[in-house]
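Shown next, in structure tokens, is the structure this report addresses.
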Amino acid sequence: MKIIMLGAPGAGKGTQAKMIANKYGIPHISTGDIFRANIKEGTELGRKAKEYMDQGLLVPDELTVDLVVDRLQKEDCANGFILDGFPRTISQAEALKNANQTLDFAIDVDVPDESIVSRMAGRRACVGCGATYHIKYNAPKTEGVCDVCGKELILRDDDKAETVQKRLKVYHDQTQPLIDYYKEVGILRTVDGTQNMDDVFAAIVTILGA
Ligand code: ADP
Ligand code: ADP
Ligand code: ZN
């Protein structure tokens, strides 16, 4: 089962991708997580990616495409994968196609911009393990502390209000065209992302089957 998640920043792609990965036993591959791990480790890639991420811009394809294509060749992807945050442009979608990755589903988690802003303002990420919470919709057991690893929860730099507006614009300009692209391919499925997390997940499971 080869799946990609589409949707605006903050639509709930990562939340759902983790649940799908658990249920179906396939790896969850998030380009944002990979970049953030590199930033934390202080790698050259992390240093370069951060310049773009902090401005709410996309990291250039030269730094992104090979990273993903190589990752998908690893053995754990043989039975499928769930890609979260890639492709984000038509050229990335073409690169995936040229790498002979035939996708089964492109799931669009549809959330209007008005709801996105409050989702991102309330998002908190763990500095230790990267787990994601929401102060209202998915609160940790103890405020500011990760349930999984006990480390501190922070607001991502790029989730600050100014950067969110920029990221939404980048989404509409560069990523939203993928909805029509995958509609053409015939694998687009849209779910109403304004529902609570469990209902969104149930809708996705119905699409994927079993
Ligand atoms: P969100 O889940 O809120 O949409 P991500 O964690 O997916 O955010 O991405 C954070 C940032 O990482 C993006 O704003 C962008 O700068 C960079 N990024 C992630 N994936 C890609 C990609 N496929 N192409 C270019 N930049 C990317
Ligand atoms: P994305 O990966 O698309 O950027 P996330 O999965 O990180 O989005 O979700 C963004 C924020 O919204 C997080 O704080 C998450 O806990 C919260 N969230 C995710 N899905 C829902 C939902 N269905 N209802 C309310 N809040 C949600
Ligand atoms: Zn943690």
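Residue numbering restarts at 1 for every chain of the structure tokens, chains are lettered A, B, ... in their displayed order, and ligands are numbered from 1 as they appear.
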
May I have the residues within 8 Å of region 12-19 of chain A as a PDB file with C-alpha atoms, in the first residue's frame, using only C-alpha atoms and disregarding those fewer than 6 positions away in the same chain?
ATOM      1  CA  MET A   5      -1.010  12.568   2.222  1.00  0.00           C
ATOM      2  CA  LEU A   6      -2.053  15.922   0.765  1.00  0.00           C
ATOM      3  CA  HIS A  28       5.619   6.790   7.981  1.00  0.00           C
ATOM      4  CA  SER A  30       7.715  12.732   6.803  1.00  0.00           C
ATOM      5  CA  ILE A  82       2.941   6.496   3.789  1.00  0.00           C
ATOM      6  CA  LEU A  83       4.517   9.725   2.588  1.00  0.00           C
ATOM      7  CA  ASP A  84       3.632  12.833   4.582  1.00  0.00           C
ATOM      8  CA  GLY A  85       4.742  16.207   3.248  1.00  0.00           C
ATOM      9  CA  VAL A 109      -7.166  16.038   4.201  1.00  0.00           C
ATOM     10  CA  THR A 132       2.798  16.223  18.112  1.00  0.00           C
ATOM     11  CA  GLY A 193     -10.421  17.118   7.847  1.00  0.00           C
ATOM     12  CA  MET A 197      -9.200  12.921  14.648  1.00  0.00           C
ATOM     13  CA  VAL A 200     -11.048  11.536  10.032  1.00  0.00           C
ATOM     14  CA  PHE A 201      -9.193   8.268  10.634  1.00  0.00           C
TER      15      PHE A 201
END

Among region 33-62 of chain A, which residues carry a DSSP assignment of alpha helix (DSSP H), reported as a PyMOL selection string?
-> chain A and resi 33-41+44-53+61-62

What lies within 8 Å of region 178-186 of chain A using only C-alpha atoms, ignoring chain neighbours under 5 positions off, as a VMD selection string?
-> chain A and resid 6 88 to 90 93 106 108

Once you have the residues from the selection above, write them out as a short mmCIF file (atom, residue, chain, number, x, y, z; two decimals), in the first residue's frame, restricted to N, CA and C atoms.
data_model
loop_
_atom_site.label_atom_id
_atom_site.label_comp_id
_atom_site.auth_asym_id
_atom_site.auth_seq_id
_atom_site.Cartn_x
_atom_site.Cartn_y
_atom_site.Cartn_z
N LEU A 6 -2.03 14.53 1.22
CA LEU A 6 -2.05 15.92 0.77
C LEU A 6 -2.86 16.74 1.77
N ARG A 88 5.26 17.97 -2.65
CA ARG A 88 4.65 19.26 -2.35
C ARG A 88 4.60 20.16 -3.57
N THR A 89 5.13 19.69 -4.69
CA THR A 89 5.08 20.45 -5.94
C THR A 89 4.86 19.44 -7.07
N ILE A 90 4.42 19.96 -8.22
CA ILE A 90 4.24 19.09 -9.38
C ILE A 90 5.57 18.45 -9.74
N ALA A 93 6.18 15.51 -7.67
CA ALA A 93 5.30 14.40 -8.06
C ALA A 93 5.85 13.70 -9.30
N ALA A 106 -3.84 8.96 -3.04
CA ALA A 106 -3.42 10.28 -2.58
C ALA A 106 -4.59 10.79 -1.74
N ASP A 108 -6.36 13.49 0.39
CA ASP A 108 -6.37 14.93 0.66
C ASP A 108 -7.18 15.19 1.93
#

Contacts to ligand 1 at 7 Å cut-off (only C-alpha atoms and all ligand atoms) as a short mmCIF file (atom, residue, chain, number, x, y, z; two decimals) with N, CA and C atoms, in the first residue's frame:
data_model
loop_
_atom_site.label_atom_id
_atom_site.label_comp_id
_atom_site.auth_asym_id
_atom_site.auth_seq_id
_atom_site.Cartn_x
_atom_site.Cartn_y
_atom_site.Cartn_z
N ALA A 8 -3.22 21.12 3.54
CA ALA A 8 -2.51 22.32 3.97
C ALA A 8 -1.62 22.01 5.18
N PRO A 9 -0.66 22.89 5.46
CA PRO A 9 0.09 22.74 6.71
C PRO A 9 -0.90 22.78 7.88
N GLY A 10 -0.79 21.84 8.80
CA GLY A 10 -1.68 21.83 9.95
C GLY A 10 -3.02 21.15 9.72
N LYS A 13 -2.19 15.92 8.53
CA LYS A 13 -1.53 14.86 7.75
C LYS A 13 -0.67 13.98 8.63
N GLY A 14 0.16 14.61 9.45
CA GLY A 14 1.08 13.84 10.30
C GLY A 14 0.32 12.99 11.31
N SER A 30 8.06 11.32 6.80
CA SER A 30 7.71 12.73 6.80
C SER A 30 8.95 13.54 6.48
N THR A 31 8.91 14.28 5.38
CA THR A 31 10.07 15.09 5.01
C THR A 31 10.33 16.17 6.06
N GLY A 32 9.26 16.75 6.60
CA GLY A 32 9.43 17.76 7.66
C GLY A 32 10.17 17.16 8.85
N ASP A 33 9.79 15.94 9.27
CA ASP A 33 10.47 15.28 10.39
C ASP A 33 11.94 15.02 10.07
N PHE A 35 13.85 16.70 7.97
CA PHE A 35 14.59 17.98 8.04
C PHE A 35 14.80 18.40 9.50
N TYR A 52 15.28 27.90 4.73
CA TYR A 52 14.01 27.99 4.00
C TYR A 52 12.83 27.79 4.95
N MET A 53 12.94 26.80 5.81
CA MET A 53 11.83 26.46 6.71
C MET A 53 11.47 27.65 7.60
N GLY A 56 9.21 29.96 6.00
CA GLY A 56 7.93 29.42 5.52
C GLY A 56 7.98 29.02 4.05
N LEU A 57 9.20 28.91 3.51
CA LEU A 57 9.36 28.55 2.10
C LEU A 57 9.66 27.07 1.96
N LEU A 58 9.47 26.53 0.76
CA LEU A 58 9.82 25.14 0.52
C LEU A 58 11.34 25.00 0.41
N VAL A 59 11.85 23.91 0.90
CA VAL A 59 13.25 23.56 0.73
C VAL A 59 13.42 23.17 -0.75
N PRO A 60 14.49 23.63 -1.42
CA PRO A 60 14.63 23.34 -2.86
C PRO A 60 14.67 21.84 -3.17
N ASP A 61 14.21 21.51 -4.36
CA ASP A 61 14.16 20.12 -4.80
C ASP A 61 15.51 19.41 -4.70
N THR A 64 15.78 17.82 -1.52
CA THR A 64 14.62 17.09 -1.04
C THR A 64 14.36 15.79 -1.81
N ASP A 84 4.32 11.70 3.96
CA ASP A 84 3.63 12.83 4.58
C ASP A 84 4.48 14.08 4.36
N GLY A 85 3.98 14.98 3.52
CA GLY A 85 4.74 16.21 3.25
C GLY A 85 5.55 16.15 1.96
N PHE A 86 5.40 15.08 1.23
CA PHE A 86 6.05 14.91 -0.07
C PHE A 86 5.14 14.05 -0.93
N PRO A 87 4.89 14.38 -2.19
CA PRO A 87 5.35 15.57 -2.90
C PRO A 87 4.58 16.82 -2.49
N ARG A 88 5.26 17.97 -2.65
CA ARG A 88 4.65 19.26 -2.35
C ARG A 88 4.60 20.16 -3.57
N ARG A 167 3.19 30.20 4.86
CA ARG A 167 3.13 28.78 4.49
C ARG A 167 1.82 28.45 3.80
#

Could you write out, as an MDAnalysis selection string, all the residues of region 2-33 of chain A that DSSP marks as strand (DSSP E or B)?
-> chainID A and resid 2:6 28:30

Sorted by chain and rising residue number, which residues of chain A lie within 12 Å of ligand 3, and what are their closest atom pairs and distances in Å to one decimal, counting only C-alpha atoms and all ligand atoms, as CSV?
residue,atom,partner,partner_atom_place_in_ligand_line,distance
A:Arg124,CA,ligand 3,1 (Zn),10.6
A:Ala125,CA,ligand 3,1 (Zn),7.9
A:Cys126,CA,ligand 3,1 (Zn),4.6
A:Val127,CA,ligand 3,1 (Zn),6.5
A:Gly128,CA,ligand 3,1 (Zn),4.7
A:Cys129,CA,ligand 3,1 (Zn),4.0
A:Gly130,CA,ligand 3,1 (Zn),5.8
A:Ala131,CA,ligand 3,1 (Zn),5.4
A:Thr132,CA,ligand 3,1 (Zn),8.4
A:Tyr133,CA,ligand 3,1 (Zn),10.0
A:Pro140,CA,ligand 3,1 (Zn),10.3
A:Gly144,CA,ligand 3,1 (Zn),10.5
A:Val145,CA,ligand 3,1 (Zn),7.8
A:Cys146,CA,ligand 3,1 (Zn),4.6
A:Asp147,CA,ligand 3,1 (Zn),6.6
A:Val148,CA,ligand 3,1 (Zn),4.9
A:Cys149,CA,ligand 3,1 (Zn),4.1
A:Gly150,CA,ligand 3,1 (Zn),5.9
A:Lys151,CA,ligand 3,1 (Zn),5.4
A:Glu152,CA,ligand 3,1 (Zn),7.4
A:Leu153,CA,ligand 3,1 (Zn),7.7
A:Ile154,CA,ligand 3,1 (Zn),10.7

Residues near Asp104 (chain A), cut-off 9 Å, only C-alpha atoms, skip fewer than 3 positions along chain, as a PyMOL selection string | chain A and resi 1-4+187

File dump, residues just selected, N, CA and C atoms, as a PDB file, in the first residue's frame:
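Written output follows (out11.pdb):
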ATOM      1  N   MET A   1       0.840  -1.199   0.000  1.00  0.00           N
ATOM      2  CA  MET A   1       0.000   0.000   0.000  1.00  0.00           C
ATOM      3  C   MET A   1       0.878   1.254   0.000  1.00  0.00           C
ATOM      4  N   LYS A   2       0.878   1.953  -1.118  1.00  0.00           N
ATOM      5  CA  LYS A   2       1.701   3.164  -1.244  1.00  0.00           C
ATOM      6  C   LYS A   2       0.778   4.382  -1.245  1.00  0.00           C
ATOM      7  N   ILE A   3       0.944   5.188  -0.195  1.00  0.00           N
ATOM      8  CA  ILE A   3      -0.008   6.270   0.042  1.00  0.00           C
ATOM      9  C   ILE A   3       0.736   7.587   0.197  1.00  0.00           C
ATOM     10  N   ILE A   4       0.160   8.670  -0.343  1.00  0.00           N
ATOM     11  CA  ILE A   4       0.667   9.997  -0.003  1.00  0.00           C
ATOM     12  C   ILE A   4      -0.455  10.806   0.648  1.00  0.00           C
ATOM     13  N   ILE A 187      -6.236   8.626  -8.467  1.00  0.00           N
ATOM     14  CA  ILE A 187      -6.049   8.055  -7.126  1.00  0.00           C
ATOM     15  C   ILE A 187      -6.411   9.041  -6.015  1.00  0.00           C
TER      16      ILE A 187
END

Excluding same-chain residues fewer than 2 positions from Lys136 (chain A), what lies within 9 Å of it counting only C-alpha atoms, as a PyMOL selection string?
-> chain A and resi 122-123+133-134+138-139

Using N, CA, C and O atoms, can you export the residues from the last selection as an mmCIF file, in the first residue's frame?
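Result file follows (out26.cif):
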data_model
loop_
_atom_site.group_PDB
_atom_site.id
_atom_site.type_symbol
_atom_site.label_atom_id
_atom_site.label_comp_id
_atom_site.auth_asym_id
_atom_site.auth_seq_id
_atom_site.Cartn_x
_atom_site.Cartn_y
_atom_site.Cartn_z
ATOM 1 N N GLY A 122 -2.112 26.132 18.159
ATOM 2 C CA GLY A 122 -2.200 25.232 19.301
ATOM 3 C C GLY A 122 -1.307 24.009 19.197
ATOM 4 O O GLY A 122 -1.230 23.197 20.122
ATOM 5 N N ARG A 123 -0.627 23.855 18.075
ATOM 6 C CA ARG A 123 0.236 22.674 17.903
ATOM 7 C C ARG A 123 1.458 22.787 18.806
ATOM 8 O O ARG A 123 2.072 23.848 18.912
ATOM 9 N N TYR A 133 1.261 17.355 19.563
ATOM 10 C CA TYR A 133 0.066 17.515 20.400
ATOM 11 C C TYR A 133 -0.679 18.761 19.958
ATOM 12 O O TYR A 133 -0.183 19.543 19.148
ATOM 13 N N HIS A 134 -1.872 18.941 20.542
ATOM 14 C CA HIS A 134 -2.589 20.204 20.387
ATOM 15 C C HIS A 134 -3.103 20.594 21.765
ATOM 16 O O HIS A 134 -3.650 19.742 22.485
ATOM 17 N N ASN A 138 -5.744 17.741 21.438
ATOM 18 C CA ASN A 138 -4.972 16.515 21.700
ATOM 19 C C ASN A 138 -3.930 16.858 22.761
ATOM 20 O O ASN A 138 -2.729 16.829 22.521
ATOM 21 N N ALA A 139 -4.434 17.206 23.940
ATOM 22 C CA ALA A 139 -3.555 17.721 24.987
ATOM 23 C C ALA A 139 -2.747 16.596 25.629
ATOM 24 O O ALA A 139 -3.242 15.485 25.774
#

Can you work out which one of A:Asp110, A:Asp157, A:Glu75, A:Asp66 has the shortest atom-to-atom distance to ligand 2, counting only C-alpha atoms and all ligand atoms?
-> A:Asp110
